[in-house]
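Structure data follow from final05.pdb (PDB, C-alpha atoms):
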```
ATOM      1  CA  MET A   1      27.205  14.192  -4.397
ATOM      2  CA  THR A   2      24.088  12.996  -2.625
ATOM      3  CA  GLU A   3      20.931  13.330  -4.663
ATOM      4  CA  MET A   4      18.303  15.417  -2.813
ATOM      5  CA  THR A   5      14.531  15.377  -3.221
ATOM      6  CA  THR A   6      11.314  16.996  -1.981
ATOM      7  CA  GLU A   7       9.075  14.240  -3.394
ATOM      8  CA  SER A   8       6.234  12.991  -1.213
ATOM      9  CA  THR A   9       5.305   9.399  -0.472
ATOM     10  CA  VAL A  10       1.615   8.489  -0.498
ATOM     11  CA  TYR A  11       0.281   5.123   0.623
ATOM     12  CA  VAL A  12      -3.412   4.256   0.495
ATOM     13  CA  THR A  13      -4.960   1.225   2.144
ATOM     14  CA  TYR A  14      -8.543   0.105   2.753
ATOM     15  CA  ILE A  15      -9.362  -1.533   6.079
ATOM     16  CA  ALA A  16     -12.473  -3.309   7.378
ATOM     17  CA  THR A  17     -12.802  -1.264  10.576
ATOM     18  CA  THR A  18     -14.324   1.961  11.903
ATOM     19  CA  PRO A  19     -12.678   5.414  11.824
ATOM     20  CA  GLU A  20     -12.621   5.370  15.649
ATOM     21  CA  ARG A  21     -10.743   2.048  15.851
ATOM     22  CA  LEU A  22      -8.296   3.165  13.165
ATOM     23  CA  TRP A  23      -7.671   6.409  15.054
ATOM     24  CA  ALA A  24      -7.019   4.404  18.218
ATOM     25  CA  ALA A  25      -4.639   2.121  16.320
ATOM     26  CA  LEU A  26      -2.631   5.118  15.090
ATOM     27  CA  THR A  27      -2.461   6.849  18.474
ATOM     28  CA  SER A  28      -2.184   4.205  21.206
ATOM     29  CA  SER A  29       0.760   2.004  22.160
ATOM     30  CA  GLU A  30      -1.515  -0.965  22.785
ATOM     31  CA  PHE A  31      -1.777  -1.120  18.975
ATOM     32  CA  THR A  32       1.488   0.457  17.756
ATOM     33  CA  THR A  33       3.687  -2.047  19.632
ATOM     34  CA  ARG A  34       2.095  -4.749  17.465
ATOM     35  CA  TYR A  35       2.539  -3.156  14.014
ATOM     36  CA  PHE A  36       5.061  -0.264  14.253
ATOM     37  CA  PHE A  37       8.189  -2.381  14.725
ATOM     38  CA  GLY A  38       7.542  -2.659  18.464
ATOM     39  CA  ARG A  39       7.471   1.084  19.108
ATOM     40  CA  THR A  40       5.284   2.802  21.676
ATOM     41  CA  VAL A  41       3.789   6.196  20.895
ATOM     42  CA  GLU A  42       3.434   9.031  23.402
ATOM     43  CA  SER A  43       1.291  12.191  23.139
ATOM     44  CA  ASP A  44      -1.998  13.676  24.279
ATOM     45  CA  TRP A  45      -2.709  14.194  20.531
ATOM     46  CA  LYS A  46      -3.823  17.793  20.925
ATOM     47  CA  THR A  47      -2.815  20.305  18.256
ATOM     48  CA  GLY A  48       0.507  21.840  19.322
ATOM     49  CA  SER A  49       1.461  19.012  21.712
ATOM     50  CA  PRO A  50       4.698  17.019  21.410
ATOM     51  CA  TRP A  51       4.588  13.392  20.253
ATOM     52  CA  LEU A  52       7.232  10.664  20.003
ATOM     53  CA  LEU A  53       7.960   7.099  18.962
ATOM     54  CA  ARG A  54       9.978   4.997  21.432
ATOM     55  CA  MET A  55      11.876   1.868  20.414
ATOM     56  CA  PRO A  56      11.558  -1.349  22.459
ATOM     57  CA  ASN A  57      14.996  -0.603  24.013
ATOM     58  CA  GLY A  58      13.677   2.729  25.353
ATOM     59  CA  ARG A  59      15.415   4.994  22.872
ATOM     60  CA  VAL A  60      13.313   7.681  21.146
ATOM     61  CA  ASP A  61      14.067   7.681  17.415
ATOM     62  CA  VAL A  62      11.256   9.867  16.080
ATOM     63  CA  LYS A  63       9.707  12.936  17.663
ATOM     64  CA  GLY A  64       7.836  16.060  16.686
ATOM     65  CA  GLU A  65       4.728  18.128  17.186
ATOM     66  CA  VAL A  66       1.056  17.503  16.514
ATOM     67  CA  ARG A  67       0.231  19.972  13.749
ATOM     68  CA  GLU A  68      -3.424  19.031  13.242
ATOM     69  CA  SER A  69      -5.677  16.713  15.208
ATOM     70  CA  ASP A  70      -9.265  16.063  14.191
ATOM     71  CA  PRO A  71     -10.265  12.659  15.609
ATOM     72  CA  PRO A  72     -11.202  10.366  13.954
ATOM     73  CA  ARG A  73     -10.588  12.017  10.569
ATOM     74  CA  LYS A  74      -7.200  13.663  10.296
ATOM     75  CA  LEU A  75      -3.882  13.662  12.135
ATOM     76  CA  VAL A  76      -0.815  15.619  10.989
ATOM     77  CA  VAL A  77       2.504  15.375  12.835
ATOM     78  CA  SER A  78       5.977  16.749  12.216
ATOM     79  CA  TRP A  79       8.578  14.008  12.080
ATOM     80  CA  ASN A  80      12.183  14.402  13.232
ATOM     81  CA  ILE A  81      14.294  11.275  12.986
ATOM     82  CA  ASP A  82      17.227  10.770  15.348
ATOM     83  CA  TRP A  83      19.391   7.919  14.121
ATOM     84  CA  GLY A  84      22.449   9.347  15.824
ATOM     85  CA  ALA A  85      24.768   9.968  12.888
ATOM     86  CA  GLU A  86      23.387  13.207  11.499
ATOM     87  CA  LYS A  87      20.494  15.608  11.864
ATOM     88  CA  LEU A  88      17.904  15.026   9.157
ATOM     89  CA  PRO A  89      15.455  17.697   7.932
ATOM     90  CA  GLU A  90      11.971  17.655   9.433
ATOM     91  CA  ALA A  91       9.309  15.747   7.492
ATOM     92  CA  VAL A  92       5.531  15.985   7.863
ATOM     93  CA  VAL A  93       3.333  12.895   8.066
ATOM     94  CA  SER A  94      -0.418  13.085   7.672
ATOM     95  CA  TYR A  95      -3.062  10.414   8.125
ATOM     96  CA  GLU A  96      -6.480  10.941   6.577
ATOM     97  CA  ILE A  97      -9.321   8.595   7.452
ATOM     98  CA  GLU A  98     -12.463   8.383   5.288
ATOM     99  CA  THR A  99     -15.478   6.072   5.445
ATOM    100  CA  VAL A 100     -16.143   4.506   2.036
ATOM    101  CA  GLY A 101     -19.174   2.336   2.890
ATOM    102  CA  GLY A 102     -19.677  -1.365   3.477
ATOM    103  CA  GLY A 103     -17.820  -1.230   6.793
ATOM    104  CA  VAL A 104     -14.607  -0.117   5.082
ATOM    105  CA  VAL A 105     -12.339   2.830   5.867
ATOM    106  CA  ARG A 106      -9.734   4.361   3.541
ATOM    107  CA  LEU A 107      -6.467   5.445   5.149
ATOM    108  CA  THR A 108      -4.238   7.824   3.177
ATOM    109  CA  MET A 109      -0.746   8.328   4.616
ATOM    110  CA  THR A 110       1.291  11.155   3.122
ATOM    111  CA  GLU A 111       4.940  11.736   4.041
ATOM    112  CA  SER A 112       6.000  15.135   2.707
ATOM    113  CA  HIS A 113       9.321  16.935   2.760
ATOM    114  CA  PRO A 114       9.235  20.738   2.974
ATOM    115  CA  THR A 115      13.062  20.625   3.147
ATOM    116  CA  PRO A 116      14.989  18.479   0.621
ATOM    117  CA  ILE A 117      16.225  15.126   1.934
ATOM    118  CA  PRO A 118      18.680  12.572   0.529
ATOM    119  CA  ALA A 119      16.931  10.344  -2.027
ATOM    120  CA  ALA A 120      18.102   7.262  -0.103
ATOM    121  CA  LEU A 121      16.116   8.408   2.928
ATOM    122  CA  LEU A 122      12.968   8.788   0.802
ATOM    123  CA  GLU A 123      13.523   5.221  -0.416
ATOM    124  CA  GLY A 124      13.800   4.085   3.212
ATOM    125  CA  GLY A 125      10.361   5.508   3.942
ATOM    126  CA  ARG A 126       8.963   3.920   0.814
ATOM    127  CA  LYS A 127      10.198   0.540   2.040
ATOM    128  CA  GLY A 128       8.965   1.032   5.599
ATOM    129  CA  TRP A 129       5.415   2.373   5.198
ATOM    130  CA  PRO A 130       4.026  -0.650   3.294
ATOM    131  CA  MET A 131       5.316  -2.923   6.097
ATOM    132  CA  ILE A 132       3.874  -0.751   8.844
ATOM    133  CA  LEU A 133       0.497  -0.131   7.214
ATOM    134  CA  SER A 134       0.107  -3.746   6.008
ATOM    135  CA  GLY A 135       0.689  -4.766   9.624
ATOM    136  CA  LEU A 136      -1.840  -2.206  10.874
ATOM    137  CA  LYS A 137      -4.490  -3.557   8.486
ATOM    138  CA  THR A 138      -3.827  -7.165   9.519
ATOM    139  CA  LEU A 139      -3.979  -6.261  13.225
ATOM    140  CA  LEU A 140      -7.330  -4.466  12.866
ATOM    141  CA  GLU A 141      -8.891  -7.154  10.668
ATOM    142  CA  THR A 142      -7.587 -10.313  12.367
ATOM    143  CA  GLY A 143      -6.605  -9.181  15.877
ATOM    144  CA  LYS A 144      -3.096 -10.559  15.311
ATOM    145  CA  PRO A 145       0.155  -8.888  14.255
ATOM    146  CA  LEU A 146       1.496  -9.613  10.759
ATOM    147  CA  GLY A 147       5.006 -10.433  11.996
ATOM    148  CA  ILE A 148       7.221  -8.909   9.306
ATOM    149  CA  PRO A 149      10.890  -9.220  10.381
ATOM    150  CA  VAL A 150      12.077  -5.870  11.807
ATOM    151  CA  PRO A 151      14.445  -4.059   9.430
ATOM    152  CA  GLN A 152      17.464  -2.395  11.038
ATOM    153  CA  PRO A 153      17.776   1.416  10.854
ATOM    154  CA  PRO A 154      20.545   2.278   8.358
ATOM    155  CA  LYS A 155      22.493   4.685  10.600
ATOM    156  CA  GLU A 156      22.676   3.184  14.058
ATOM    157  CA  ARG A 157      26.461   3.718  14.226
ATOM    158  CA  GLY A 158      27.915   6.128  16.754
ATOM    159  CA  LYS A 159      25.412   5.302  19.503
TER     160      LYS A 159
ATOM    161  CA  MET B   1       7.017   7.801 -18.327
ATOM    162  CA  SER B   2       4.099   7.303 -15.949
ATOM    163  CA  ARG B   3       4.514   4.784 -13.154
ATOM    164  CA  PHE B   4       2.528   3.545 -10.177
ATOM    165  CA  VAL B   5       4.025   1.190  -7.571
ATOM    166  CA  HIS B   6       2.157  -0.440  -4.694
ATOM    167  CA  VAL B   7       3.748  -2.791  -2.158
ATOM    168  CA  ILE B   8       1.636  -4.843   0.225
ATOM    169  CA  TYR B   9       2.541  -7.587   2.719
ATOM    170  CA  ILE B  10       0.138 -10.500   3.115
ATOM    171  CA  ARG B  11       0.038 -13.429   5.514
ATOM    172  CA  THR B  12      -0.162 -16.217   2.944
ATOM    173  CA  THR B  13       2.104 -18.345   0.745
ATOM    174  CA  PRO B  14       3.484 -17.363  -2.692
ATOM    175  CA  GLU B  15       1.433 -20.193  -4.275
ATOM    176  CA  LYS B  16      -1.855 -19.051  -2.703
ATOM    177  CA  LEU B  17      -1.163 -15.457  -3.696
ATOM    178  CA  TRP B  18      -0.417 -16.551  -7.261
ATOM    179  CA  ASP B  19      -3.713 -18.440  -7.441
ATOM    180  CA  ALA B  20      -5.557 -15.453  -5.983
ATOM    181  CA  LEU B  21      -4.080 -13.184  -8.675
ATOM    182  CA  THR B  22      -4.866 -15.481 -11.594
ATOM    183  CA  LYS B  23      -7.913 -17.673 -10.871
ATOM    184  CA  PRO B  24     -11.480 -16.451 -11.548
ATOM    185  CA  GLU B  25     -12.915 -17.917  -8.332
ATOM    186  CA  PHE B  26     -10.629 -15.572  -6.379
ATOM    187  CA  THR B  27     -10.597 -12.480  -8.603
ATOM    188  CA  ARG B  28     -14.415 -12.375  -8.776
ATOM    189  CA  ALA B  29     -14.446 -11.987  -4.983
ATOM    190  CA  TYR B  30     -11.978  -9.090  -4.585
ATOM    191  CA  TRP B  31     -11.410  -7.534  -8.046
ATOM    192  CA  CYS B  32     -14.782  -5.907  -8.725
ATOM    193  CA  ALA B  33     -16.321  -9.206  -9.916
ATOM    194  CA  THR B  34     -13.933  -9.384 -12.898
ATOM    195  CA  TRP B  35     -12.011 -12.414 -14.106
ATOM    196  CA  GLN B  36      -9.156 -13.045 -16.499
ATOM    197  CA  GLU B  37      -9.136 -15.239 -19.577
ATOM    198  CA  CYS B  38      -5.643 -16.573 -20.216
ATOM    199  CA  ASP B  39      -3.802 -19.896 -20.397
ATOM    200  CA  TRP B  40      -0.889 -18.314 -18.477
ATOM    201  CA  GLU B  41       1.927 -19.166 -20.873
ATOM    202  CA  ALA B  42       4.533 -16.667 -22.086
ATOM    203  CA  GLY B  43       3.269 -15.064 -25.292
ATOM    204  CA  SER B  44      -0.379 -15.950 -24.643
ATOM    205  CA  ALA B  45      -3.238 -13.474 -24.979
ATOM    206  CA  TRP B  46      -4.654 -12.072 -21.744
ATOM    207  CA  ARG B  47      -8.046 -10.427 -21.132
ATOM    208  CA  LEU B  48      -9.746  -8.950 -18.075
ATOM    209  CA  MET B  49     -13.491  -9.548 -18.358
ATOM    210  CA  ILE B  50     -16.189  -7.282 -16.943
ATOM    211  CA  PRO B  51     -19.305  -8.984 -15.427
ATOM    212  CA  ASP B  52     -21.634  -7.643 -18.166
ATOM    213  CA  GLY B  53     -19.529  -9.420 -20.827
ATOM    214  CA  ARG B  54     -17.399  -6.504 -22.049
ATOM    215  CA  ILE B  55     -13.626  -6.821 -22.279
ATOM    216  CA  GLY B  56     -12.142  -4.467 -19.707
ATOM    217  CA  ASP B  57      -8.465  -4.675 -20.622
ATOM    218  CA  SER B  58      -6.352  -6.877 -22.867
ATOM    219  CA  GLY B  59      -2.744  -7.650 -23.672
ATOM    220  CA  GLU B  60      -0.365 -10.563 -23.520
ATOM    221  CA  VAL B  61       1.800 -12.457 -21.089
ATOM    222  CA  VAL B  62       5.348 -11.111 -21.475
ATOM    223  CA  GLU B  63       6.989 -13.075 -18.654
ATOM    224  CA  ILE B  64       5.668 -15.737 -16.318
ATOM    225  CA  ASP B  65       7.505 -17.528 -13.506
ATOM    226  CA  ARG B  66       4.975 -19.082 -11.139
ATOM    227  CA  PRO B  67       4.785 -18.195  -8.207
ATOM    228  CA  ARG B  68       7.297 -15.338  -8.379
ATOM    229  CA  ARG B  69       6.846 -13.018 -11.323
ATOM    230  CA  LEU B  70       4.234 -12.107 -13.922
ATOM    231  CA  VAL B  71       4.560  -9.365 -16.549
ATOM    232  CA  LEU B  72       1.597  -8.390 -18.735
ATOM    233  CA  THR B  73       1.086  -5.849 -21.476
ATOM    234  CA  TRP B  74      -2.176  -4.102 -20.699
ATOM    235  CA  ARG B  75      -4.431  -1.887 -22.801
ATOM    236  CA  ASN B  76      -7.786  -0.541 -21.691
ATOM    237  CA  GLU B  77     -10.570  -1.725 -24.010
ATOM    238  CA  PHE B  78     -13.789  -0.114 -22.801
ATOM    239  CA  LEU B  79     -12.948   3.585 -22.428
ATOM    240  CA  PRO B  80     -11.926   5.084 -25.815
ATOM    241  CA  GLU B  81      -9.822   7.832 -24.273
ATOM    242  CA  LEU B  82      -7.752   5.292 -22.317
ATOM    243  CA  ARG B  83      -7.663   2.747 -25.141
ATOM    244  CA  ALA B  84      -6.075   5.420 -27.355
ATOM    245  CA  GLU B  85      -3.065   5.545 -25.010
ATOM    246  CA  GLY B  86      -2.101   2.048 -26.145
ATOM    247  CA  TYR B  87      -0.294  -0.565 -24.091
ATOM    248  CA  SER B  88       0.937  -0.218 -20.552
ATOM    249  CA  ARG B  89       2.911  -2.842 -18.650
ATOM    250  CA  ALA B  90       1.917  -4.440 -15.334
ATOM    251  CA  THR B  91       4.489  -6.381 -13.299
ATOM    252  CA  PHE B  92       3.603  -8.538 -10.295
ATOM    253  CA  GLU B  93       6.499  -9.643  -8.062
ATOM    254  CA  ILE B  94       6.048 -12.062  -5.172
ATOM    255  CA  GLU B  95       8.668 -12.626  -2.461
ATOM    256  CA  GLN B  96       8.568 -14.575   0.793
ATOM    257  CA  VAL B  97       9.576 -12.337   3.747
ATOM    258  CA  GLY B  98       9.585 -14.258   7.028
ATOM    259  CA  ASP B  99       6.072 -15.651   7.520
ATOM    260  CA  THR B 100       4.592 -13.147   5.098
ATOM    261  CA  VAL B 101       4.617 -12.555   1.364
ATOM    262  CA  LYS B 102       5.560  -9.236  -0.217
ATOM    263  CA  LEU B 103       3.605  -8.342  -3.348
ATOM    264  CA  THR B 104       4.883  -5.492  -5.529
ATOM    265  CA  VAL B 105       2.636  -4.293  -8.343
ATOM    266  CA  THR B 106       4.255  -1.894 -10.820
ATOM    267  CA  HIS B 107       2.042  -0.439 -13.539
ATOM    268  CA  GLU B 108       3.791   1.817 -16.043
ATOM    269  CA  MET B 109       3.473   3.355 -19.480
ATOM    270  CA  ASP B 110       5.968   5.052 -21.798
ATOM    271  CA  ARG B 111       4.142   8.374 -21.854
ATOM    272  CA  ASP B 112       3.887  11.270 -19.442
ATOM    273  CA  ASP B 113       0.631  11.996 -17.590
ATOM    274  CA  SER B 114      -1.053   8.757 -18.675
ATOM    275  CA  LYS B 115      -4.760   8.720 -17.811
ATOM    276  CA  LEU B 116      -4.656   4.936 -17.623
ATOM    277  CA  ILE B 117      -1.894   5.007 -14.994
ATOM    278  CA  ASP B 118      -3.776   7.742 -13.147
ATOM    279  CA  GLY B 119      -6.874   5.516 -13.143
ATOM    280  CA  VAL B 120      -5.124   2.351 -11.967
ATOM    281  CA  SER B 121      -3.364   4.391  -9.252
ATOM    282  CA  ASN B 122      -6.780   4.822  -7.669
ATOM    283  CA  GLY B 123      -7.874   1.261  -8.337
ATOM    284  CA  TRP B 124      -4.917  -0.856  -7.241
ATOM    285  CA  PRO B 125      -4.832   0.166  -3.547
ATOM    286  CA  ALA B 126      -8.500  -0.820  -3.125
ATOM    287  CA  ILE B 127      -8.172  -4.079  -5.098
ATOM    288  CA  LEU B 128      -4.939  -5.145  -3.380
ATOM    289  CA  SER B 129      -6.290  -4.225   0.076
ATOM    290  CA  SER B 130      -9.290  -6.412  -0.684
ATOM    291  CA  LEU B 131      -7.054  -9.260  -1.914
ATOM    292  CA  LYS B 132      -5.132  -9.092   1.380
ATOM    293  CA  SER B 133      -8.369  -9.179   3.380
ATOM    294  CA  LEU B 134      -9.605 -12.171   1.373
ATOM    295  CA  LEU B 135      -6.417 -14.173   1.946
ATOM    296  CA  GLU B 136      -6.093 -13.277   5.633
ATOM    297  CA  THR B 137      -9.728 -13.317   6.776
ATOM    298  CA  GLY B 138     -11.602 -15.266   4.072
ATOM    299  CA  THR B 139     -13.706 -12.205   3.206
ATOM    300  CA  ALA B 140     -12.941  -9.540   0.609
ATOM    301  CA  LEU B 141     -13.807  -5.882   1.215
ATOM    302  CA  ALA B 142     -17.331  -4.813   0.242
ATOM    303  CA  VAL B 143     -15.909  -1.809  -1.598
ATOM    304  CA  THR B 144     -14.437  -4.018  -4.390
ATOM    305  CA  SER B 145     -16.873  -6.941  -4.353
ATOM    306  CA  ARG B 146     -18.897  -5.766  -7.372
ATOM    307  CA  TRP B 147     -18.381  -3.832 -10.597
ATOM    308  CA  PRO B 148     -19.174  -0.139  -9.976
ATOM    309  CA  ASP B 149     -22.416   1.287 -11.369
ATOM    310  CA  ASN B 150     -22.236   3.415 -14.529
ATOM    311  CA  VAL B 151     -18.690   2.372 -15.487
TER     312      VAL B 151
END
```
Would you give me this structure, written as structure tokens?
Amino acid sequence: MTEMTTESTVYVTYIATTPERLWAALTSSEFTTRYFFGRTVESDWKTGSPWLLRMPNGRVDVKGEVRESDPPRKLVVSWNIDWGAEKLPEAVVSYEIETVGGGVVRLTMTESHPTPIPAALLEGGRKGWPMILSGLKTLLETGKPLGIPVPQPPKERGK
Amino acid sequence: MSRFVHVIYIRTTPEKLWDALTKPEFTRAYWCATWQECDWEAGSAWRLMIPDGRIGDSGEVVEIDRPRRLVLTWRNEFLPELRAEGYSRATFEIEQVGDTVKLTVTHEMDRDDSKLIDGVSNGWPAILSSLKSLLETGTALAVTSRWPDNV
């Protein structure tokens, strides 16, 4: 039997940038292609609008709806993963941006699961977010991508 | 059991990261102006020193395998309520991943709802973010460059 969970994942990182630049890095492909495993991001980022993540090969593997949009402070999106093999329950991802002084911004990413998900999927997120958000910090602070090797999605079969 | 885990990827080498975690000239820059007193041998005493001369935390080196793995016992020394919780355990694991280095810090204690683990859960993300900035840009983050007032 697959173990199920509704645990959240929280990742906090501090970045030498401005809230406006961090917001831009979260919401524009010019940035995301260089830290989010090559993916572009598409949305007008208004509350209620659709959003999606598109892989370099053109396939959309994450999509959802903008639940809350308060630039440059808070963005909440629903998160539906399509890895082909099975339909996974919708998750919610929120990004909170706070100024902490000294030219530093705190980013708090929370991935929550209103519907239980397999524990292995939670572990996947817990492996992925540190790579993505470490890369985001490096890109904003140095202007260059971090270059972590791209991990392969676990359930690409059947496509 | 209380446990905090933080993973961060840094563009550096395992050796440089090891030095940055253990040598005073680095820790003073990114770890709230603190430094550690230790000869870095298994079984040796370990202390984290606060700039005003107080001992912040103390323990001993449980395991050491430069530049891959360091395990410390860790008891708070300057806040009586936290000191009373006794020893926690901090594990630092360093792995090369492509051109980057993955650092995993696990800080845990054999008691539920530990106030020490709650405290370090707030501290580690700021300190490790600042460590990454120092190694990648040469400058630590202002937010962790000095010991906080009134602590």
Resolved residues for the PyMOL selection byres ((chain B and resi 148) around 12) as a list in words:
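Applying the expression gives Trp31, Cys32, Ala33, Thr34, Ile50, Pro51, Asp52, Gly123, Ala142, Val143, Thr144, Ser145, Arg146, Trp147, Asp149, Asn150 and Val151 of chain B.
When the distance limit is 9 Å and all atoms listed in the file are what count, the residues near A:Ile81, minus those fewer than 6 positions from it on the same chain, are Val60, Asp61, Val62, Lys63, Gly64, Lys87, Leu88, Pro89, Glu90 and Ala91 of chain A.
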Resulting file, chosen residues, C-alpha atoms, as a short mmCIF file (atom, residue, chain, number, x, y, z; two decimals), in the coordinates of the input:
```
data_model
loop_
_atom_site.label_atom_id
_atom_site.label_comp_id
_atom_site.auth_asym_id
_atom_site.auth_seq_id
_atom_site.Cartn_x
_atom_site.Cartn_y
_atom_site.Cartn_z
CA VAL A 60 13.31 7.68 21.15
CA ASP A 61 14.07 7.68 17.42
CA VAL A 62 11.26 9.87 16.08
CA LYS A 63 9.71 12.94 17.66
CA GLY A 64 7.84 16.06 16.69
CA LYS A 87 20.49 15.61 11.86
CA LEU A 88 17.90 15.03 9.16
CA PRO A 89 15.46 17.70 7.93
CA GLU A 90 11.97 17.66 9.43
CA ALA A 91 9.31 15.75 7.49
#
```
I need the residue nearest A:Pro19 from this list: A:Arg106, A:Lys46, A:Arg39, A:Arg34. Use only C-alpha atoms for the distance.
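Answer, going by the shortest atom-to-atom distance: A:Arg106.
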Can you list, as a list in words, every protein, DNA or RNA residue that comes within 6 Å of stretch 128-132 of chain A when you count only C-alpha atoms, leaving out same-chain residues fewer than 3 positions away?
Tyr35, Phe36, Gly125 and Gly135 of chain A; Val7 and Ile8 of chain B
Taking only C-alpha atoms into account, report as a ChimeraX atom specification which residues of chain B lie within 8 Å of chain A.
/B:6-11,97-100,125-126,129-130,133,136-137,141-143
Could you tell me, as number ranges by chain, exactly which residues end up selected when the PyMOL selection byres ((chain B and resi 107) around 6) is applied to this structure?
B: 3-4, 89-90, 106, 108
